[in-house]
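Shown next, in structure tokens, is the structure this report addresses.
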Amino acid sequence: MTREELLSFLGTITDPLTGQNLVLANRIQNIQIENNRIAVIFAFPPKLESRIKSELNFKIVEELGKLAPGFEIDLHFGNPDATHKKSSNLPQIKNIIAVASGKGGVGKSTISVNLALGLKSLGLKVGLLDADLYGPSIPIMLGLKGKRPEIQQVYGVSKIVPLSAFGIPVMSIGFVVEPEQAVILRGPRLAGIMKQFLEDCLWPDLDVLIIDLPPGTGDIQLTLVQTVPVTGAIIVTTPQTVAVADAIKAANMFQMTGIQVPILGIVENMSWFTPKELPGSQYAIFGKGGGQHLANLFNTSLLGQIPLIMSIRESGDEGKPSIQDQTSDSGIVFKQLAQNTLDRLLYRNQTLAPTEKVKMQS
Ligand SMILES: Nc1ncnc2c1ncn2[C@@H]1O[C@H](COP(=O)(O)OP(=O)(O)OP(=O)(O)O)[C@@H](O)[C@H]1O
Ligand SMILES: [Mg+2]
């Protein structure tokens with residue numbers, strides 16, 4: 001089944017609200033066809049009656065099942081515009097996704113940057129917050145090194161205006177202090193800065209704010225979950241056993257009683273290396289299967305496996321993220337990662353209650 005075939009099938013189904021077909025009525029938010037699985041995300045208003053939803057679901061599953069026998073059919077009646085946070089000091093931000101890991105250097109910042117731009121290319125409004133206050137790398141990865149944000153007065157209060165890179169708003173401690181100075185920051189200062197970045201920044205209306213965290217489970221992670229309701233966390237790991245062992249600790253933090261941030265999925269980075277001279281081969285330099293193992297442990301999905309590709313490192317260093325060339329090997333994997341993440345995000349918002357901000361205990 002091709003995308004076109006799927007769309008033309010959906011064009012034969014009547015939209016229960018307008019009487020037009022589903023395609024003309026603009027109900028198709030996202031479609032995905034891979035490995036014998038068809039996933040369609042529909043955009044319906046949040047209050048669509050569940051009876052209508054289940055009738056539509058049955059009809060599509062039955063008819064599509066005949067057209068594409070052997071395919072698993074996965075339908076989400078999502079509402080991308082719904083806000084999934086009960087109360088928030090950031091009402092203009094619909095979803096907050098934290099990108100975390102146990103070990104350092106596994107690729108959180110690389111994933112955050114490419115995921116943010118990938119989600120933007122899927123039509124979402126996305127922002128990026130570099131919360132690695134000890135070692136900010138986003139300024140370099142987005143070509144913003146040395147830039148300073150402006151301060152704007154809003155009703156007499158000073159607010160920081162995020163910088164813009166490739167069309168998305170970005171904030172980082174690296175815009176405020178030199179990266180070498182960041183390491184001297186300690187607990188209470190860190191919490192203060194995190195709060196400022198969330199509350200005293202002029203973030204525009206966003207579907208998703210991606211937050212790139214430092215490795216591990218420290219003050220920054222705790223301040224984050226105490227300051228805003230985090231919609232979900234993405235855990236980045238390499239396939240290596242020691243990285244996975246540390247990633248389990250990071251994931252456990254989000255799942256602790258009282259915190260309960262859903263794990264949206266796992267990204268396995270540096271999964272294998274394919275030399276140019278041997279295009280069909282995959283060398284599992286850091287081992288195999290770690291990402292899937294972690295996804296199984298936390299009952300979540302493996303959002304993607306990103307190979308070791310020299311251009312990913314180079315484009316990070318040059319401030320030109322890989323995803324910007326969506327036809328390159330790395331662009332293709334990052335685009336798929338963004339699709340899978342959006343899919344999981346909508347699924348999460350349909351199946352789970354909004355996250356609540358963690359109550360301060362100290
Ligand atoms: N798939 C990949 N292929 C090649 N190089 C990669 C890949 N992923 C990340 N890198 C490179 O590895 C280095 C570490 O990545 P990155 O800074 O994203 O990790 P991190 O988890 O954010 O690190 P830290 O814990 O220090 O914040 C960077 O130089 C980056 O360009
Ligand atoms: Mg980083």
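A note on labels: chains of the structure tokens are A, B, ... as shown, every chain counts residues from 1, and ligands are counted from 1 in their shown order.
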
Close residues, Gly331 in chain A itself excluded, 12 Å, only C-alpha atoms, min 2 positions apart in chain, as an NGL selection string: :A and (111 or 114-115 or 117-118 or 121 or 306-307 or 309 or 311-312 or 315 or 320-329 or 333-338)

Requested write-out: N, CA, C and O atoms of the selected residues, as a tab-separated table (two decimals), in the first residue's frame:
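The resulting file, out.tsv, is reproduced below:
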chain	number	residue	atom	x	y	z
A	111	ILE	N	20.05	14.90	19.07
A	111	ILE	CA	18.67	14.43	18.86
A	111	ILE	C	17.69	15.59	19.08
A	111	ILE	O	16.74	15.77	18.30
A	114	ASN	N	17.71	18.02	16.03
A	114	ASN	CA	17.14	17.45	14.80
A	114	ASN	C	15.66	17.08	14.98
A	114	ASN	O	14.88	17.20	14.04
A	115	LEU	N	15.30	16.70	16.19
A	115	LEU	CA	13.90	16.39	16.45
A	115	LEU	C	13.07	17.67	16.39
A	115	LEU	O	11.98	17.70	15.79
A	117	LEU	N	13.66	20.44	14.73
A	117	LEU	CA	13.50	20.89	13.34
A	117	LEU	C	12.67	19.90	12.52
A	117	LEU	O	11.94	20.29	11.62
A	118	GLY	N	12.78	18.61	12.86
A	118	GLY	CA	11.98	17.59	12.16
A	118	GLY	C	10.50	17.80	12.44
A	118	GLY	O	9.66	17.72	11.54
A	121	SER	N	9.25	20.62	10.49
A	121	SER	CA	9.01	20.31	9.08
A	121	SER	C	7.71	19.53	8.89
A	121	SER	O	7.18	19.45	7.80
A	306	ILE	N	19.51	5.60	15.36
A	306	ILE	CA	20.27	6.53	14.54
A	306	ILE	C	21.69	5.97	14.37
A	306	ILE	O	22.39	5.78	15.37
A	307	PRO	N	22.10	5.68	13.15
A	307	PRO	CA	23.45	5.15	12.97
A	307	PRO	C	24.53	6.21	13.25
A	307	PRO	O	24.22	7.39	13.32
A	309	ILE	N	27.02	8.42	11.85
A	309	ILE	CA	27.26	8.96	10.52
A	309	ILE	C	28.15	10.19	10.70
A	309	ILE	O	27.84	11.07	11.50
A	311	SER	N	28.68	12.75	9.02
A	311	SER	CA	28.09	14.06	8.73
A	311	SER	C	27.21	14.57	9.88
A	311	SER	O	26.98	15.76	10.01
A	312	ILE	N	26.73	13.67	10.74
A	312	ILE	CA	25.93	14.13	11.89
A	312	ILE	C	26.82	14.93	12.82
A	312	ILE	O	26.47	16.01	13.29
A	315	SER	N	27.91	18.22	10.89
A	315	SER	CA	26.89	19.26	10.76
A	315	SER	C	26.57	19.87	12.12
A	315	SER	O	26.23	21.05	12.20
A	320	LYS	N	24.87	23.40	11.26
A	320	LYS	CA	23.88	23.18	10.18
A	320	LYS	C	23.27	21.80	10.37
A	320	LYS	O	23.76	20.82	9.81
A	321	PRO	N	22.21	21.70	11.16
A	321	PRO	CA	21.68	20.38	11.53
A	321	PRO	C	21.37	19.47	10.33
A	321	PRO	O	20.88	19.94	9.31
A	322	SER	N	21.66	18.18	10.52
A	322	SER	CA	21.50	17.18	9.45
A	322	SER	C	20.11	17.17	8.84
A	322	SER	O	19.94	16.97	7.65
A	323	ILE	N	19.10	17.34	9.67
A	323	ILE	CA	17.70	17.23	9.20
A	323	ILE	C	17.39	18.26	8.13
A	323	ILE	O	16.44	18.09	7.36
A	324	GLN	N	18.18	19.33	8.05
A	324	GLN	CA	17.88	20.36	7.06
A	324	GLN	C	18.01	19.81	5.64
A	324	GLN	O	17.41	20.34	4.73
A	325	ASP	N	18.83	18.76	5.47
A	325	ASP	CA	18.87	18.10	4.16
A	325	ASP	C	18.10	16.79	4.31
A	325	ASP	O	18.66	15.76	4.68
A	326	GLN	N	16.81	16.84	4.00
A	326	GLN	CA	15.96	15.69	4.30
A	326	GLN	C	16.17	14.52	3.34
A	326	GLN	O	15.58	13.47	3.50
A	327	THR	N	17.03	14.72	2.34
A	327	THR	CA	17.28	13.62	1.42
A	327	THR	C	18.57	12.88	1.80
A	327	THR	O	18.86	11.81	1.26
A	328	SER	N	19.35	13.45	2.72
A	328	SER	CA	20.59	12.77	3.12
A	328	SER	C	20.25	11.57	3.99
A	328	SER	O	19.15	11.48	4.54
A	329	ASP	N	21.21	10.66	4.16
A	329	ASP	CA	20.97	9.47	4.99
A	329	ASP	C	20.51	9.87	6.38
A	329	ASP	O	19.57	9.31	6.93
A	333	VAL	N	16.65	9.51	8.47
A	333	VAL	CA	16.39	8.87	9.78
A	333	VAL	C	15.81	9.87	10.78
A	333	VAL	O	14.94	9.53	11.57
A	334	PHE	N	16.29	11.11	10.73
A	334	PHE	CA	15.76	12.09	11.69
A	334	PHE	C	14.31	12.46	11.37
A	334	PHE	O	13.51	12.71	12.26
A	335	LYS	N	13.98	12.49	10.07
A	335	LYS	CA	12.59	12.79	9.71
A	335	LYS	C	11.67	11.68	10.21
A	335	LYS	O	10.61	11.94	10.77
A	336	GLN	N	12.12	10.44	10.06
A	336	GLN	CA	11.33	9.31	10.56
A	336	GLN	C	11.18	9.39	12.08
A	336	GLN	O	10.11	9.13	12.62
A	337	LEU	N	12.26	9.78	12.74
A	337	LEU	CA	12.21	9.92	14.19
A	337	LEU	C	11.15	10.95	14.59
A	337	LEU	O	10.38	10.74	15.53
A	338	ALA	N	11.10	12.06	13.85
A	338	ALA	CA	10.12	13.11	14.16
A	338	ALA	C	8.70	12.58	13.95
A	338	ALA	O	7.81	12.81	14.77

Give as a count of residues only the residues surrounding ligand 2 up to a distance of 8 Å, considering only C-alpha atoms and all ligand atoms. 15

Between A:Leu144, A:Phe273, A:Leu64, A:Asn26, which is the closest to Gly316 in chain A once you count only C-alpha atoms?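 With only C-alpha atoms as the atom set, the closest residue is A:Leu144.
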
I'd like to know which of A:Pro139, A:Gly289, A:Pro262, A:Gly192 is closest to ligand 1, using only C-alpha atoms and all ligand atoms.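 Closest to ligand 1 of all the choices is A:Pro139.
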
Write out as an NGL selection string the residues lying within 10 Å of Leu198 in chain A, counting only C-alpha atoms and excluding same-chain residues fewer than 3 positions away. :A and (89-90 or 129 or 131 or 171 or 193-195 or 201-203 or 224 or 227-228)

Excluding Ile259 in chain A and any residue of its chain fewer than 5 positions from it, enumerate the residues within 8 Å of it, using only C-alpha atoms, and give them as JSON, numbers by chain. {"A": [225, 253, 254, 357, 358]}

With distances taken over only C-alpha atoms and all ligand atoms, the candidate from A:Val236, A:Leu297, A:Ile93, A:Ile52 nearest ligand 1 is A:Val236

Residues at most 10 Å from Gln29 in chain A, counting only C-alpha atoms, excluding those fewer than 2 positions away in the same chain, as a count of residues only? 17

Report as a PyMOL selection string all protein, DNA and RNA residues lying within 7 Å of Leu308 in chain A, evaluated on only C-alpha atoms, omitting residues in the same chain fewer than 6 positions from it. chain A and resi 270-273

Go ahead and write the residues just picked, N, CA, C and O atoms, as a PDB file, in the first residue's frame.
ATOM      1  N   MET A 270      23.835   6.058  17.721  1.00  0.00           N
ATOM      2  CA  MET A 270      25.120   5.418  17.420  1.00  0.00           C
ATOM      3  C   MET A 270      24.918   3.902  17.306  1.00  0.00           C
ATOM      4  O   MET A 270      25.720   3.107  17.792  1.00  0.00           O
ATOM      5  N   SER A 271      23.793   3.521  16.691  1.00  0.00           N
ATOM      6  CA  SER A 271      23.389   2.113  16.654  1.00  0.00           C
ATOM      7  C   SER A 271      24.347   1.242  15.854  1.00  0.00           C
ATOM      8  O   SER A 271      24.569   0.099  16.197  1.00  0.00           O
ATOM      9  N   TRP A 272      24.844   1.759  14.751  1.00  0.00           N
ATOM     10  CA  TRP A 272      25.808   0.989  13.954  1.00  0.00           C
ATOM     11  C   TRP A 272      26.544   1.934  13.032  1.00  0.00           C
ATOM     12  O   TRP A 272      26.186   3.115  12.916  1.00  0.00           O
ATOM     13  N   PHE A 273      27.570   1.396  12.372  1.00  0.00           N
ATOM     14  CA  PHE A 273      28.327   2.189  11.414  1.00  0.00           C
ATOM     15  C   PHE A 273      28.403   1.431  10.099  1.00  0.00           C
ATOM     16  O   PHE A 273      28.649   0.230  10.074  1.00  0.00           O
TER      17      PHE A 273
END

Can you tell me which residues surround range 204-207 of chain A at a distance of at most 7 Å, considering only C-alpha atoms, apart from same-chain residues fewer than 4 positions away, and format the answer as number ranges by chain? A: 92-95, 124-127

Selection from above, N, CA, C and O atoms, as a PDB file, in the first residue's frame, can you write it?
ATOM      1  N   GLN A  92       0.709  28.987  26.752  1.00  0.00           N
ATOM      2  CA  GLN A  92       0.842  29.054  25.282  1.00  0.00           C
ATOM      3  C   GLN A  92       1.630  27.878  24.721  1.00  0.00           C
ATOM      4  O   GLN A  92       1.769  27.729  23.521  1.00  0.00           O
ATOM      5  N   ILE A  93       2.169  27.025  25.603  1.00  0.00           N
ATOM      6  CA  ILE A  93       2.937  25.864  25.135  1.00  0.00           C
ATOM      7  C   ILE A  93       2.119  24.603  25.387  1.00  0.00           C
ATOM      8  O   ILE A  93       1.790  24.288  26.529  1.00  0.00           O
ATOM      9  N   LYS A  94       1.784  23.915  24.306  1.00  0.00           N
ATOM     10  CA  LYS A  94       0.848  22.792  24.458  1.00  0.00           C
ATOM     11  C   LYS A  94       1.512  21.533  24.983  1.00  0.00           C
ATOM     12  O   LYS A  94       0.926  20.788  25.750  1.00  0.00           O
ATOM     13  N   ASN A  95       2.710  21.267  24.532  1.00  0.00           N
ATOM     14  CA  ASN A  95       3.385  20.034  24.948  1.00  0.00           C
ATOM     15  C   ASN A  95       4.849  20.326  25.253  1.00  0.00           C
ATOM     16  O   ASN A  95       5.508  21.047  24.504  1.00  0.00           O
ATOM     17  N   LEU A 124       4.486  21.521  12.788  1.00  0.00           N
ATOM     18  CA  LEU A 124       4.215  21.958  14.162  1.00  0.00           C
ATOM     19  C   LEU A 124       4.999  23.221  14.484  1.00  0.00           C
ATOM     20  O   LEU A 124       6.034  23.503  13.876  1.00  0.00           O
ATOM     21  N   LYS A 125       4.493  23.957  15.477  1.00  0.00           N
ATOM     22  CA  LYS A 125       5.247  25.105  15.983  1.00  0.00           C
ATOM     23  C   LYS A 125       6.112  24.597  17.125  1.00  0.00           C
ATOM     24  O   LYS A 125       5.593  24.078  18.120  1.00  0.00           O
ATOM     25  N   VAL A 126       7.413  24.741  16.976  1.00  0.00           N
ATOM     26  CA  VAL A 126       8.331  24.088  17.908  1.00  0.00           C
ATOM     27  C   VAL A 126       9.331  25.101  18.471  1.00  0.00           C
ATOM     28  O   VAL A 126       9.766  26.016  17.768  1.00  0.00           O
ATOM     29  N   GLY A 127       9.676  24.943  19.748  1.00  0.00           N
ATOM     30  CA  GLY A 127      10.739  25.729  20.360  1.00  0.00           C
ATOM     31  C   GLY A 127      11.755  24.779  20.978  1.00  0.00           C
ATOM     32  O   GLY A 127      11.462  23.594  21.186  1.00  0.00           O
TER      33      GLY A 127
END

Taking the chain letters and numbering used in this document, name the residues of range 110-299 of chain A that DSSP puts in alpha helix (DSSP H), as number ranges by chain. A: 110-121, 138-141, 179-182, 187-199, 219-227, 241-255, 290-297

Could you tell me, as an MDAnalysis selection string, which residues of range 4-210 of chain A DSSP assigns to strand (DSSP E or B) when given the backbone? chainID A and resid 14 21 28:34 37:42 72:76 85 93:100 126:130 150:154 157:161 163:165 168:172 201 206:210

Restricting the calculation to only C-alpha atoms, which member of A:Ile33, A:Leu22, A:Leu303, A:Ile13 is positioned closest to Lys59 in chain A? A:Ile13

Please indicate the distance in Å from CA of Ile235 in chain A to CA of Asn296 in chain A, rounded to one decimal place.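 Answer for the CA of Ile235 in chain A to CA of Asn296 in chain A separation: 12.8 Å.
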